[in-house]
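To keep things clear, I will list the structure first and then write my remarks on it.
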Amino acid sequence: MNYAAIQFVNLLIGKKLIHFCCEADMLDFDFAPLALHAMGCSRVIKNNDILVTALDYLSWDSHDSTHNDEWFNMEKFNSEIIDGTVISVEISPCHDLRVELDNNVVIECLIANAYPHYSEEKEQWVLFEHTKDHSGTFLTVYNKSIDFYIG
């Protein structure tokens, strides 16, 4: 990952998590003006307990898209997860992302032990700036590559 992309990710430090939700196999974190969309093997941990993972999207009844562990746990632990401020950000050589908040919450987007071994290239996590005209900086991390656009 190039220096400019790392500097962009480091802009998360000091930002407060103001909203967290689930969307089709994705965890969505709002650190306005930055947003993190975590797909693939992503999870939220607090005090060494996994609270929510993006892999819990199996429907309980096959009728309502919110009837799954992901939505249940997101709603159950939402108040424990939001309002934390980012105190550190780490990116591994395989582009795993680890975001630590001051409320003992850790957001992890794991690539090293998961999707790089698959032949199909898939988005793993995306960090971008909220802008009205969608022209902000945008970082997309795939299994084996990254796309970085400076807005």
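Starting from 1 in every chain, residues are counted up; chains themselves are A, B, ... following the order of the structure tokens, and ligands are numbered from 1 as listed.
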Could you pull the residues within 9 Å of stretch 16-20 of chain A, counting only C-alpha atoms, minus those fewer than 6 positions along the same chain, as a CSV table (one decimal) with C-alpha atoms, in the first residue's frame?
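Written out: part-v7.csv:
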chain,number,residue,atom,x,y,z
A,27,LEU,CA,-20.8,-3.9,8.2
A,28,ASP,CA,-21.0,-0.1,7.7
A,29,PHE,CA,-19.2,2.3,10.0
A,30,ASP,CA,-19.7,6.1,9.9
A,31,PHE,CA,-16.7,8.2,11.1
A,32,ALA,CA,-18.0,11.3,9.4
A,74,MET,CA,-25.7,-5.3,15.7
A,78,ASN,CA,-25.0,-1.1,19.0
A,81,ILE,CA,-20.0,-0.1,19.7
A,82,ILE,CA,-20.9,3.5,18.7
A,83,ASP,CA,-19.5,6.7,20.2
A,84,GLY,CA,-15.9,5.4,20.5
A,85,THR,CA,-13.1,7.4,19.1
A,86,VAL,CA,-10.4,5.8,17.0
A,101,LEU,CA,-11.5,2.6,19.6
Hey, could you make a per-residue contact list for stretch 76-123 of chain A against stretch 34-55 of chain A with 8 Å as the cut-off, showing the nearest pair of atoms and its distance in Å to one decimal, counting only C-alpha atoms, sorted by chain and number, as CSV?
residue,atom,partner,partner_atom,distance
A:Phe77,CA,A:Leu51,CA,6.9
A:Asn104,CA,A:Lys46,CA,5.5
A:Val105,CA,A:Lys46,CA,4.5
A:Val106,CA,A:Ile45,CA,5.1
A:Ile107,CA,A:Val44,CA,4.7
A:Glu108,CA,A:Arg43,CA,5.4
A:Cys109,CA,A:Ser42,CA,4.3
A:Leu110,CA,A:Cys41,CA,5.3
A:Ile111,CA,A:Cys41,CA,6.8
A:Ala114,CA,A:Cys41,CA,6.9
A:Tyr115,CA,A:Gly40,CA,7.6
A:Glu123,CA,A:Met39,CA,6.9
Could you write those residues out with N, CA, C and O atoms, as a tab-separated table (two decimals), in the first residue's frame?
chain	number	residue	atom	x	y	z
A	77	PHE	N	-25.74	-4.96	20.43
A	77	PHE	CA	-24.50	-4.35	20.92
A	77	PHE	C	-24.25	-2.94	20.38
A	77	PHE	O	-23.19	-2.37	20.64
A	104	ASN	N	-12.72	0.25	23.99
A	104	ASN	CA	-12.32	-1.16	23.95
A	104	ASN	C	-12.93	-1.94	22.80
A	104	ASN	O	-12.97	-3.17	22.83
A	105	VAL	N	-13.42	-1.24	21.78
A	105	VAL	CA	-13.95	-1.88	20.58
A	105	VAL	C	-12.84	-1.93	19.53
A	105	VAL	O	-12.09	-0.98	19.36
A	106	VAL	N	-12.76	-3.07	18.84
A	106	VAL	CA	-11.81	-3.25	17.75
A	106	VAL	C	-12.59	-3.71	16.52
A	106	VAL	O	-13.40	-4.64	16.61
A	107	ILE	N	-12.36	-3.04	15.41
A	107	ILE	CA	-12.94	-3.42	14.13
A	107	ILE	C	-11.83	-4.07	13.32
A	107	ILE	O	-10.76	-3.48	13.16
A	108	GLU	N	-12.07	-5.29	12.84
A	108	GLU	CA	-11.07	-5.99	12.05
A	108	GLU	C	-11.65	-6.38	10.69
A	108	GLU	O	-12.76	-6.89	10.61
A	109	CYS	N	-10.87	-6.14	9.67
A	109	CYS	CA	-11.16	-6.61	8.31
A	109	CYS	C	-10.00	-7.52	7.94
A	109	CYS	O	-8.90	-7.05	7.67
A	110	LEU	N	-10.24	-8.82	7.96
A	110	LEU	CA	-9.18	-9.81	7.81
A	110	LEU	C	-9.14	-10.36	6.39
A	110	LEU	O	-10.15	-10.82	5.87
A	111	ILE	N	-7.98	-10.31	5.81
A	111	ILE	CA	-7.78	-10.82	4.45
A	111	ILE	C	-6.76	-11.95	4.46
A	111	ILE	O	-6.92	-12.95	3.76
A	114	ALA	N	-8.03	-15.54	4.69
A	114	ALA	CA	-9.32	-15.82	4.08
A	114	ALA	C	-9.26	-15.77	2.57
A	114	ALA	O	-8.81	-16.68	1.91
A	115	TYR	N	-9.68	-14.68	2.01
A	115	TYR	CA	-9.97	-14.58	0.59
A	115	TYR	C	-8.79	-14.51	-0.37
A	115	TYR	O	-8.99	-14.75	-1.55
A	123	GLU	N	-14.04	-7.37	-3.27
A	123	GLU	CA	-13.81	-6.28	-2.32
A	123	GLU	C	-13.81	-6.83	-0.91
A	123	GLU	O	-14.66	-7.64	-0.56
*May I have the residues within 12 Å of stretch 3-11 of chain A as a count of residues only, using only C-alpha atoms and disregarding those fewer than 4 positions away in the same chain?*
38
_Per-residue DSSP, stretch 7-148 of chain A, filtered to strand (DSSP E or B), as number ranges by chain_ = A: 16, 19-23, 26-31, 34-38, 41-46, 49-53, 85-91, 97-101, 105-110, 123-129, 138-142, 146-148
